[in-house]
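Here's protein_2.csv, which has CSV, C-alpha atoms and all ligand atoms:
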```
chain,number,residue,atom,x,y,z
A,1,MET,CA,25.1,83.6,87.8
A,2,SER,CA,21.5,83.5,89.1
A,3,PRO,CA,20.1,82.3,92.5
A,4,SER,CA,19.5,78.8,91.0
A,5,GLY,CA,23.2,78.6,90.3
A,6,TYR,CA,22.5,78.3,86.5
A,7,SER,CA,23.5,80.9,84.0
A,8,LEU,CA,21.5,81.4,80.8
A,9,ASN,CA,24.3,79.6,79.0
A,10,SER,CA,23.8,76.5,81.2
A,11,TYR,CA,20.1,76.6,80.5
A,12,GLY,CA,21.0,76.8,76.8
A,13,GLU,CA,23.2,73.7,77.2
A,14,MET,CA,20.2,71.9,78.7
A,15,ILE,CA,18.0,72.7,75.7
A,16,THR,CA,20.6,71.4,73.3
A,17,CYS,CA,21.7,68.4,75.4
A,18,GLU,CA,20.8,65.3,73.4
A,19,PRO,CA,19.4,62.7,73.7
A,20,ARG,CA,18.0,64.3,76.9
A,21,GLN,CA,16.0,67.0,75.3
A,22,GLY,CA,14.7,64.8,72.5
A,23,GLU,CA,13.6,62.1,74.9
A,24,TYR,CA,11.9,64.6,77.2
A,25,ALA,CA,10.1,66.0,74.1
A,26,LYS,CA,9.0,62.5,73.1
A,27,ALA,CA,7.7,61.7,76.6
A,28,LEU,CA,5.8,65.0,76.7
A,29,LYS,CA,4.2,64.4,73.3
A,30,GLN,CA,3.1,60.9,74.5
A,31,ALA,CA,1.7,62.2,77.8
A,32,ILE,CA,-0.3,65.2,76.6
A,33,THR,CA,-3.9,64.7,75.8
A,34,PRO,CA,-5.8,67.6,74.1
A,35,GLY,CA,-6.6,70.4,76.6
A,36,CYS,CA,-4.8,68.8,79.5
A,37,ARG,CA,-3.2,70.7,82.4
A,38,VAL,CA,0.6,70.5,82.7
A,39,ILE,CA,3.1,71.7,85.4
A,40,ASP,CA,6.6,72.6,84.2
A,41,LEU,CA,8.4,72.2,87.6
A,42,GLY,CA,11.7,74.0,87.7
A,43,ALA,CA,11.1,75.4,84.2
A,44,GLY,CA,14.1,77.7,83.8
A,45,PRO,CA,13.5,79.6,80.6
A,46,GLY,CA,10.4,77.4,80.0
A,47,HIS,CA,11.3,75.2,76.9
A,48,PHE,CA,9.3,72.2,78.2
A,49,ALA,CA,6.3,74.5,78.8
A,50,LEU,CA,6.4,75.8,75.3
A,51,LEU,CA,6.6,72.2,74.0
A,52,ALA,CA,3.6,71.3,76.1
A,53,CYS,CA,1.6,74.1,74.5
A,54,LYS,CA,2.8,73.1,71.0
A,55,TYR,CA,1.7,69.5,71.7
A,56,GLY,CA,-1.8,70.6,72.7
A,57,ALA,CA,-1.9,71.2,76.4
A,58,GLY,CA,-4.8,73.4,77.5
A,59,HIS,CA,-3.0,75.1,80.3
A,60,VAL,CA,0.6,75.1,81.6
A,61,VAL,CA,1.9,76.3,85.0
A,62,VAL,CA,5.5,77.4,84.9
A,63,ILE,CA,7.1,77.2,88.3
A,64,GLU,CA,10.6,78.7,88.7
A,65,PRO,CA,12.2,80.9,91.3
A,66,ASP,CA,15.1,81.9,89.1
A,67,PRO,CA,15.0,85.2,87.0
A,68,SER,CA,15.2,83.0,83.9
A,69,ILE,CA,11.4,82.7,84.2
A,70,HIS,CA,11.3,86.1,82.6
A,71,ILE,CA,12.7,84.5,79.4
A,72,ALA,CA,9.9,82.0,79.6
A,73,LYS,CA,7.4,84.9,79.7
A,74,LEU,CA,8.9,86.5,76.6
A,75,ALA,CA,9.2,83.2,74.7
A,76,ALA,CA,5.5,82.4,75.5
A,77,GLN,CA,4.6,85.7,73.8
A,78,ASP,CA,6.9,85.2,70.9
A,79,ASN,CA,5.4,81.7,70.3
A,80,GLY,CA,1.8,82.8,70.8
A,81,PHE,CA,1.2,80.7,73.9
A,82,ALA,CA,1.0,83.5,76.6
A,83,ASP,CA,-2.7,83.0,77.1
A,84,ARG,CA,-2.2,79.3,78.0
A,85,ILE,CA,0.6,79.7,80.6
A,86,THR,CA,0.5,80.8,84.2
A,87,PHE,CA,3.9,81.9,85.6
A,88,VAL,CA,4.8,81.3,89.2
A,89,ARG,CA,8.1,82.8,90.3
A,90,ASP,CA,8.6,80.8,93.4
A,91,MET,CA,9.6,77.4,94.8
A,92,SER,CA,6.8,74.8,94.1
A,93,GLN,CA,6.4,74.2,97.9
A,94,ASN,CA,5.1,77.7,98.3
A,95,TRP,CA,2.4,77.4,95.7
A,96,SER,CA,-1.0,75.7,95.7
A,97,THR,CA,-4.0,75.4,93.5
A,98,ASP,CA,-7.4,73.8,93.4
A,99,GLU,CA,-6.9,72.7,89.8
A,100,LYS,CA,-4.5,69.8,89.8
A,101,ALA,CA,-2.4,68.8,86.8
A,102,ASP,CA,-2.6,65.9,84.5
A,103,VAL,CA,1.1,65.9,83.8
A,104,VAL,CA,4.2,67.1,85.7
A,105,ILE,CA,7.5,67.5,83.9
A,106,SER,CA,10.7,68.3,85.7
A,107,ASP,CA,14.5,67.8,85.7
A,108,ILE,CA,15.7,69.1,89.0
A,109,ARG,CA,18.4,66.4,89.4
A,110,GLY,CA,22.0,67.3,89.8
A,111,VAL,CA,24.9,65.0,88.8
A,112,ILE,CA,23.0,62.3,90.6
A,113,PRO,CA,19.2,62.3,91.1
A,114,LEU,CA,19.7,62.2,94.9
A,115,PHE,CA,20.4,65.9,94.8
A,116,GLU,CA,19.4,68.7,97.3
A,117,HIS,CA,15.5,68.9,97.6
A,118,HIS,CA,14.8,66.9,94.5
A,119,ILE,CA,13.0,63.9,96.2
A,120,PRO,CA,11.0,66.0,98.8
A,121,THR,CA,10.0,68.4,95.9
A,122,ILE,CA,8.8,65.5,93.7
A,123,LYS,CA,6.9,64.0,96.6
A,124,ASP,CA,5.2,67.2,97.5
A,125,VAL,CA,4.2,68.0,93.9
A,126,ARG,CA,2.9,64.5,93.4
A,127,LYS,CA,0.7,64.7,96.6
A,128,ARG,CA,-0.6,68.2,96.3
A,129,LEU,CA,-0.5,69.3,92.7
A,130,LEU,CA,-1.0,66.2,90.5
A,131,LYS,CA,-4.3,64.5,89.8
A,132,HIS,CA,-4.6,60.9,91.1
A,133,GLY,CA,-3.2,58.8,88.3
A,134,GLY,CA,-1.6,61.8,86.6
A,135,VAL,CA,1.6,61.4,84.6
A,136,GLN,CA,5.1,62.2,86.0
A,137,ILE,CA,8.0,62.8,83.7
A,138,PRO,CA,10.5,61.4,84.7
A,139,GLY,CA,8.8,58.2,86.0
A,140,VAL,CA,11.7,56.2,87.3
A,141,ASP,CA,15.5,56.7,87.7
A,142,HIS,CA,18.0,53.9,88.3
A,143,ILE,CA,21.3,54.7,89.9
A,144,TYR,CA,24.3,52.5,89.1
A,145,GLY,CA,27.9,52.2,90.3
A,146,ALA,CA,31.1,50.4,89.3
A,147,LEU,CA,34.8,50.4,90.3
A,148,VAL,CA,37.0,52.5,88.0
A,149,GLU,CA,40.6,52.7,87.1
A,150,ALA,CA,41.1,56.4,86.6
A,151,PRO,CA,44.7,57.4,87.4
A,152,GLU,CA,44.4,60.8,85.7
A,153,VAL,CA,41.2,61.9,87.5
A,154,TYR,CA,42.5,60.6,90.8
A,155,THR,CA,45.9,62.3,90.4
A,156,LYS,CA,44.1,65.6,89.6
A,157,HIS,CA,42.0,65.1,92.8
A,158,VAL,CA,44.6,64.1,95.3
A,159,GLY,CA,47.9,64.8,93.5
A,160,PRO,CA,48.4,68.4,94.6
A,161,TRP,CA,48.2,67.2,98.2
A,162,LEU,CA,50.3,64.0,98.1
A,163,ASP,CA,53.0,64.9,95.5
A,164,LYS,CA,55.0,67.1,97.9
A,165,PRO,CA,54.9,70.2,95.6
A,166,TYR,CA,58.3,72.1,95.8
A,167,GLY,CA,59.4,69.6,98.4
A,168,LEU,CA,56.7,70.6,100.9
A,169,ASP,CA,54.3,68.2,102.7
A,170,MET,CA,50.7,69.3,101.9
A,171,SER,CA,49.2,66.0,102.9
A,172,ALA,CA,47.1,67.6,105.7
A,173,ALA,CA,44.5,68.3,103.0
A,174,HIS,CA,44.4,64.7,101.8
A,175,ILE,CA,41.7,63.5,104.2
A,176,TYR,CA,39.4,66.3,103.0
A,177,VAL,CA,39.8,65.7,99.3
A,178,ALA,CA,39.6,62.0,99.6
A,179,ASN,CA,36.1,62.4,101.1
A,180,ARG,CA,34.9,64.7,98.4
A,181,TRP,CA,33.1,63.3,95.4
A,182,SER,CA,33.6,65.1,92.1
A,183,ARG,CA,31.8,65.5,88.8
A,184,THR,CA,33.5,63.8,85.9
A,185,TYR,CA,32.8,61.9,82.7
A,186,MET,CA,34.5,58.6,82.1
A,187,GLN,CA,34.6,56.1,79.2
A,188,PRO,CA,33.8,52.4,79.4
A,189,GLU,CA,37.6,51.6,79.4
A,190,ALA,CA,37.8,53.1,82.9
A,191,LEU,CA,35.5,50.4,84.3
A,192,ILE,CA,37.3,47.7,86.2
A,193,SER,CA,34.3,45.8,87.7
A,194,SER,CA,30.8,44.6,87.1
A,195,THR,CA,28.1,47.3,87.3
A,196,GLN,CA,25.7,47.2,90.3
A,197,ARG,CA,22.4,49.0,90.9
A,198,PHE,CA,22.6,51.3,93.9
A,199,ALA,CA,18.9,52.5,93.9
A,200,THR,CA,15.7,52.7,91.9
A,201,LEU,CA,13.8,55.9,92.4
A,202,ASP,CA,10.2,55.4,91.3
A,203,TYR,CA,8.9,59.0,91.5
A,204,ARG,CA,5.3,57.7,91.2
A,205,THR,CA,5.5,56.1,94.7
A,206,ILE,CA,8.8,57.3,96.3
A,207,GLU,CA,8.7,58.1,100.0
A,208,ASP,CA,12.3,57.6,101.1
A,209,THR,CA,14.7,60.5,100.7
A,210,ASN,CA,17.6,58.3,102.1
A,211,HIS,CA,19.0,55.3,100.3
A,212,ARG,CA,21.7,52.7,101.1
A,213,ALA,CA,22.9,49.5,99.6
A,214,SER,CA,25.7,47.1,100.1
A,215,LEU,CA,27.2,46.4,96.6
A,216,THR,CA,29.6,43.6,95.7
A,217,PHE,CA,31.8,44.3,92.7
A,218,GLU,CA,33.7,41.6,90.8
A,219,ALA,CA,36.8,42.8,89.0
A,220,THR,CA,36.4,42.2,85.3
A,221,ARG,CA,40.1,42.7,84.7
A,222,THR,CA,43.3,43.0,86.6
A,223,GLY,CA,44.2,46.6,87.4
A,224,THR,CA,44.1,49.3,90.1
A,225,THR,CA,40.9,50.9,91.2
A,226,HIS,CA,40.8,54.5,92.3
A,227,GLY,CA,37.2,54.8,93.3
A,228,ILE,CA,33.5,54.2,92.5
A,229,LEU,CA,31.8,55.8,89.5
A,230,ILE,CA,28.1,56.6,89.9
A,231,TRP,CA,25.7,57.4,87.1
A,232,PHE,CA,21.9,57.1,86.4
A,233,GLU,CA,19.5,55.8,83.7
A,234,THR,CA,16.1,57.3,83.4
A,235,GLU,CA,12.7,56.0,82.2
A,236,LEU,CA,10.9,59.3,81.5
A,237,LEU,CA,7.9,57.1,80.5
A,238,PRO,CA,8.0,53.4,79.8
A,239,GLY,CA,10.2,52.9,76.7
A,240,VAL,CA,11.4,56.6,76.7
A,241,GLY,CA,14.6,57.6,78.4
A,242,TYR,CA,18.4,57.9,78.3
A,243,SER,CA,21.4,57.2,80.4
A,244,ASN,CA,24.6,58.9,81.3
A,245,ALA,CA,26.6,55.7,81.7
A,246,PRO,CA,30.2,55.5,80.5
A,247,GLY,CA,29.9,55.2,76.7
A,248,ALA,CA,26.5,56.9,76.4
A,249,PRO,CA,26.5,60.4,74.8
A,250,GLU,CA,27.8,62.8,77.4
A,251,GLN,CA,25.0,64.6,79.1
A,252,ILE,CA,24.8,67.9,81.1
A,253,TYR,CA,24.9,65.9,84.3
A,254,GLY,CA,28.3,64.2,84.0
A,255,GLN,CA,28.9,61.3,86.4
A,256,ALA,CA,30.0,61.3,90.1
A,257,PHE,CA,33.4,59.9,91.1
A,258,PHE,CA,33.9,58.8,94.7
A,259,PRO,CA,37.7,58.4,95.3
A,260,PHE,CA,39.3,55.9,97.6
A,261,GLU,CA,41.7,57.0,100.3
A,262,ARG,CA,44.3,55.0,98.4
A,263,PRO,CA,44.3,53.1,95.1
A,264,VAL,CA,43.7,49.4,95.4
A,265,SER,CA,45.2,46.7,93.1
A,266,LEU,CA,42.7,44.0,92.1
A,267,ALA,CA,43.1,40.8,90.0
A,268,GLU,CA,40.4,39.7,87.6
A,269,GLY,CA,37.7,37.7,89.4
A,270,MET,CA,38.4,39.2,92.9
A,271,THR,CA,35.5,40.8,94.7
A,272,ALA,CA,35.3,44.0,96.6
A,273,THR,CA,32.4,45.4,98.7
A,274,ALA,CA,31.1,48.9,99.1
A,275,ASP,CA,28.4,50.0,101.6
A,276,ILE,CA,27.1,53.2,100.0
A,277,SER,CA,24.6,55.5,101.6
A,278,ALA,CA,23.0,58.8,100.7
A,279,ASN,CA,21.4,60.6,103.6
A,280,PHE,CA,19.4,63.9,103.1
A,281,ILE,CA,20.5,66.2,105.9
A,282,ASP,CA,19.6,69.9,106.1
A,283,GLY,CA,19.0,70.4,102.4
A,284,SER,CA,21.8,68.3,100.9
A,285,TYR,CA,23.0,64.7,100.7
A,286,VAL,CA,25.8,63.3,102.9
A,287,TRP,CA,27.3,60.4,100.9
A,288,SER,CA,29.2,57.6,102.7
A,289,TRP,CA,31.2,54.9,100.9
A,290,ASN,CA,32.8,52.2,103.1
A,291,PHE,CA,35.0,50.0,101.0
A,292,ARG,CA,36.5,46.5,101.7
A,293,ALA,CA,38.8,44.4,99.6
A,294,THR,CA,41.9,42.3,99.7
A,295,ASP,CA,44.4,43.6,97.2
A,296,THR,CA,46.7,41.5,94.9
A,297,ASP,CA,49.4,41.4,97.7
A,298,GLY,CA,46.9,39.8,100.0
A,299,GLN,CA,46.6,43.0,102.1
A,300,ALA,CA,43.2,43.8,103.5
A,301,GLN,CA,42.1,47.3,102.5
A,302,ALA,CA,39.2,49.0,104.3
A,303,PHE,CA,38.2,52.7,104.0
A,304,ARG,CA,35.3,54.4,105.7
A,305,GLN,CA,34.7,57.6,103.7
A,306,SER,CA,32.0,60.2,103.8
A,307,SER,CA,31.3,63.6,102.3
A,308,PHE,CA,30.6,64.7,105.9
A,309,LYS,CA,34.4,64.6,106.4
A,310,ALA,CA,35.1,66.8,103.3
A,311,ASP,CA,34.3,70.1,105.0
A,312,ILE,CA,37.1,71.8,106.8
A,313,ILE,CA,35.7,72.1,110.3
A,314,SER,CA,38.0,74.1,112.7
A,315,PRO,CA,37.3,75.1,116.3
A,316,GLU,CA,36.9,78.7,115.0
A,317,THR,CA,34.1,77.8,112.6
A,318,LEU,CA,32.3,75.7,115.2
A,319,ALA,CA,32.5,78.2,118.1
A,320,PRO,CA,29.8,80.6,116.8
A,321,ARG,CA,27.3,77.7,116.5
A,322,ALA,CA,27.7,76.5,120.1
A,323,ALA,CA,24.5,76.9,122.1
A,324,SER,CA,26.5,78.8,124.8
A,325,PHE,CA,27.9,81.3,122.3
A,326,CYS,CA,26.6,84.9,122.8
A,327,PRO,CA,26.9,86.6,119.3
A,328,PRO,CA,28.1,90.2,119.5
A,329,GLN,CA,26.4,92.8,117.3
A,330,HIS,CA,28.6,93.9,114.5
A,331,ILE,CA,28.2,97.1,112.6
A,332,LYS,CA,26.9,95.3,109.5
A,333,GLN,CA,24.1,93.8,111.6
A,334,LYS,CA,23.3,97.2,113.2
A,335,ILE,CA,22.9,98.6,109.7
A,336,ASP,CA,20.7,95.8,108.5
A,337,VAL,CA,18.5,95.8,111.6
A,338,PHE,CA,18.0,99.6,111.2
A,339,CYS,CA,17.1,99.2,107.5
A,340,LEU,CA,14.7,96.3,108.1
A,341,SER,CA,12.9,98.2,110.9
A,342,LEU,CA,12.0,100.8,108.2
A,343,PHE,CA,10.7,98.2,105.7
A,344,ASP,CA,7.0,98.6,106.6
A,345,GLY,CA,5.3,98.7,103.3
A,346,GLN,CA,4.9,102.5,103.4
A,347,THR,CA,8.4,103.9,103.5
A,348,ASP,CA,10.1,103.9,100.0
A,349,LEU,CA,13.8,103.0,99.5
A,350,ASN,CA,14.7,106.6,98.8
A,351,THR,CA,13.6,107.6,102.3
A,352,VAL,CA,15.2,104.6,103.9
A,353,ALA,CA,18.5,105.5,102.1
A,354,ASP,CA,18.3,109.1,103.4
A,355,GLN,CA,17.8,107.9,107.0
A,356,LEU,CA,20.6,105.3,106.6
A,357,SER,CA,23.2,107.7,105.5
A,358,ALA,CA,22.1,110.2,108.2
A,359,LYS,CA,22.4,107.5,110.9
A,360,PHE,CA,25.6,105.8,109.6
A,361,PRO,CA,27.5,108.6,107.8
A,362,GLN,CA,30.9,106.9,108.1
A,363,GLN,CA,29.7,103.8,106.3
A,364,PHE,CA,27.4,105.6,103.8
A,365,GLU,CA,29.2,108.9,102.9
A,366,THR,CA,27.1,109.2,99.7
A,367,LYS,CA,23.3,108.8,99.1
A,368,SER,CA,24.0,106.4,96.2
A,369,LYS,CA,26.0,104.0,98.4
A,370,ALA,CA,23.1,103.9,100.9
A,371,LEU,CA,20.5,103.4,98.1
A,372,ASN,CA,22.6,100.6,96.7
A,373,HIS,CA,22.7,98.9,100.1
A,374,VAL,CA,18.9,99.2,100.8
A,375,ALA,CA,18.0,98.1,97.3
A,376,LYS,CA,20.0,94.9,97.7
A,377,LEU,CA,18.4,94.3,101.1
A,378,SER,CA,15.0,94.9,99.7
A,379,ALA,CA,15.6,92.5,96.7
A,380,ARG,CA,16.7,89.8,99.1
A,381,TYR,CA,13.4,89.9,101.1
A,382,ASN,CA,11.1,90.7,98.2
A,401,LIG,C1,18.3,71.7,85.8
A,401,LIG,S1,17.3,73.1,85.8
A,401,LIG,C2,16.1,72.5,84.6
A,401,LIG,C3,15.6,73.6,83.7
A,401,LIG,C4,14.6,73.1,82.6
A,401,LIG,N1,13.4,72.5,83.1
A,401,LIG,C5,15.3,72.0,81.8
A,401,LIG,O1,15.1,70.8,82.1
A,401,LIG,O2,16.0,72.3,80.8
A,401,LIG,C6,16.4,72.9,87.3
A,401,LIG,C7,15.6,74.1,87.6
A,401,LIG,O3,14.7,73.8,88.7
A,401,LIG,C8,14.5,74.9,89.5
A,401,LIG,N2,14.0,74.3,90.8
A,401,LIG,C9,14.6,73.5,91.7
A,401,LIG,N3,13.8,73.2,92.7
A,401,LIG,C10,12.6,73.8,92.5
A,401,LIG,C11,11.4,73.9,93.2
A,401,LIG,N4,11.2,73.3,94.3
A,401,LIG,N5,10.4,74.7,92.6
A,401,LIG,C12,10.6,75.3,91.5
A,401,LIG,N6,11.7,75.3,90.8
A,401,LIG,C13,12.7,74.6,91.3
A,401,LIG,C14,15.9,75.5,89.6
A,401,LIG,O4,15.8,76.9,89.9
A,401,LIG,C15,16.4,75.3,88.2
A,401,LIG,O5,16.1,76.4,87.4
```
How would this structure read if it were set down as structure tokens?
Amino acid sequence: MSPSGYSLNSYGEMITCEPRQGEYAKALKQAITPGCRVIDLGAGPGHFALLACKYGAGHVVVIEPDPSIHIAKLAAQDNGFADRITFVRDMSQNWSTDEKADVVISDIRGVIPLFEHHIPTIKDVRKRLLKHGGVQIPGVDHIYGALVEAPEVYTKHVGPWLDKPYGLDMSAAHIYVANRWSRTYMQPEALISSTQRFATLDYRTIEDTNHRASLTFEATRTGTTHGILIWFETELLPGVGYSNAPGAPEQIYGQAFFPFERPVSLAEGMTATADISANFIDGSYVWSWNFRATDTDGQAQAFRQSSFKADIISPETLAPRAASFCPPQHIKQKIDVFCLSLFDGQTDLNTVADQLSAKFPQQFETKSKALNHVAKLSARYN
């Protein structure tokens, strides 16, 4: 697995994911004018960049921090496009240029487009690296939600904790799993309510990273709802796009399932409300879903759930973060502090390894062990 979290196999799945790849190719072909400048943002192995060259782009900048950019370089040579591509192995926010692009193409969503740094990255690239009036692919994403009846997915999610395995009560974990959304893929038969739009992300103008909406769902049939299913539909360019809605061809993204604390029975025509919010905090999204309904027994059901409650936070994990905490220096830190003090642009790793094994002979009884350690440390900072 690479630093991006994607293996080459998963990049391969992206290239063969249809209709995604075909629609991206169509949008790119439409957007490219002879000789134009393109940025392939988050290029992975660079398939979009190669397509851009094939369709007539004059110059393409491939931006990708992952080692898969090496494949993009080899493929550019293999396809005869190397002289038209600049490779930037970095995050886009660290790169700048005077020659802005006519077209930016990217797919740095996760299961949901409100994913990690996606929105801040798109905003930054639009403002700094794209010409005024330049084309962005994708242009707009719409995020939708509906209530689902999904006993199997739900049981898999919460069952191990509520079913008293071997007669033992494991329900202490329930609060954590009930507040964790998961990737899934459901068919239209799972839907038990109308579909509501949660957000529209127009990347050509978007400023807000946070989104919230109060959605009212009407039950379209009698049944039991286990949670909210969220998916998106994209307009890469007007008239070009795809969706990962239930019933659409399964895409690499999957869909997101937000479970309820408890299943709720609903009769056809009844309504239920969910206040959903996605707040970008410290590099990732905290999702909250507050649900209210009256079930078929006339009982009021109200849950206040949040992915913030999904992490196991114990006093032991919080203590080292307290402002009053004085961190002791562990041997591992002493080793790294020593190595880093020798990283000066003049001392080679061989010499650092010699000094490391001399200073910490118990930890590095062989030269190769020391060299292995300093090589890893060097790679982390370079
Ligand atoms: C889902 S993959 C897409 C790969 C390829 N473009 C495709 O669509 O098949 C997203 C890639 O974006 C990269 N990425 C995410 N944020 C980035 C950023 N700010 N700058 C450059 N690359 C980024 C990740 O490392 C990852 O390789």
Item to check | Residue nearest Gln333 (chain A) among A:Glu365, A:Leu377, A:Ile15, A:Ile39 (counting only C-alpha atoms) | outcome: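 Residue with the minimum atom-to-atom distance to Gln333 (chain A): A:Leu377.
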Item to check | Among listed residues A:Ala101, A:Leu340, A:Val286, A:Leu371, nearest Ala310 (chain A) (using all atoms listed in the file) | outcome: A:Val286
Under the rule of at most 6 Å, produce a per-residue listing of region 252-350 of chain A near region 206-228 of chain A: chain, number, name, the closest pair of atoms, and the distance in Å, as a tab-separated table, using all atoms listed in the file.
```
residue	atom	partner	partner_atom	distance
A:Phe257	CA	A:Ile228	CA	5.9
A:Phe258	CA	A:Ile228	CA	5.1
A:Pro259	CA	A:Gly227	CA	4.1
A:Phe260	CA	A:Gly227	CA	4.9
A:Pro263	CA	A:His226	CA	4.7
A:Val264	CA	A:Thr225	CA	5.3
A:Ser265	CA	A:Thr224	CA	4.1
A:Leu266	CA	A:Gly223	CA	5.6
A:Ala267	CA	A:Thr222	CA	4.1
A:Glu268	CA	A:Arg221	CA	4.2
A:Gly269	CA	A:Ala219	CA	5.2
A:Met270	CA	A:Ala219	CA	5.5
A:Thr271	CA	A:Glu218	CA	4.4
A:Ala272	CA	A:Phe217	CA	5.2
A:Thr273	CA	A:Thr216	CA	4.5
A:Ala274	CA	A:Leu215	CA	5.3
A:Asp275	CA	A:Ser214	CA	4.2
A:Ile276	CA	A:Arg212	CA	5.5
A:Ser277	CA	A:Arg212	CA	4.1
A:Ala278	CA	A:His211	CA	5.3
A:Asn279	CA	A:Asn210	CA	4.7
A:Phe280	CA	A:Asn210	CA	6.0
```
Next on the checklist: For a test of reading the model, state the distance in Å between atom C7 of ligand LIG 401 (chain A) and CA of Ile108 (chain A), rounded to one decimal.
Outcome noted: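 These atoms are spaced 5.2 Å apart.
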Item to check | Test item: residues no farther than 6 Å from ligand LIG 401 (chain A), counting all atoms listed in the file, as an MDAnalysis selection string | outcome: chainID A and resid 4 11 14:15 41:44 63:66 91:92 106:108 121
Next on the checklist: Here is a test: counting only C-alpha atoms, which residue of A:Ala199, A:Ala172, A:Ala323, A:Ile112 is nearest to Trp231 (chain A)?
Outcome noted: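 Residue with the minimum atom-to-atom distance to Trp231 (chain A): A:Ile112.
One finds CA of Arg109 (chain A) at 25.2 Å from CA of Ser194 (chain A).
CA of Gly110 (chain A) to CA of Leu318 (chain A) spans 28.7 Å [interatomic distance, one decimal].
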Checklist entry - Which is closest to Ala75 (chain A) among A:Arg262, A:Gly46, A:Phe115, A:Gly139, if we use only C-alpha atoms? => result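 Of the candidates, the smallest distance to Ala75 (chain A) is held by A:Gly46.
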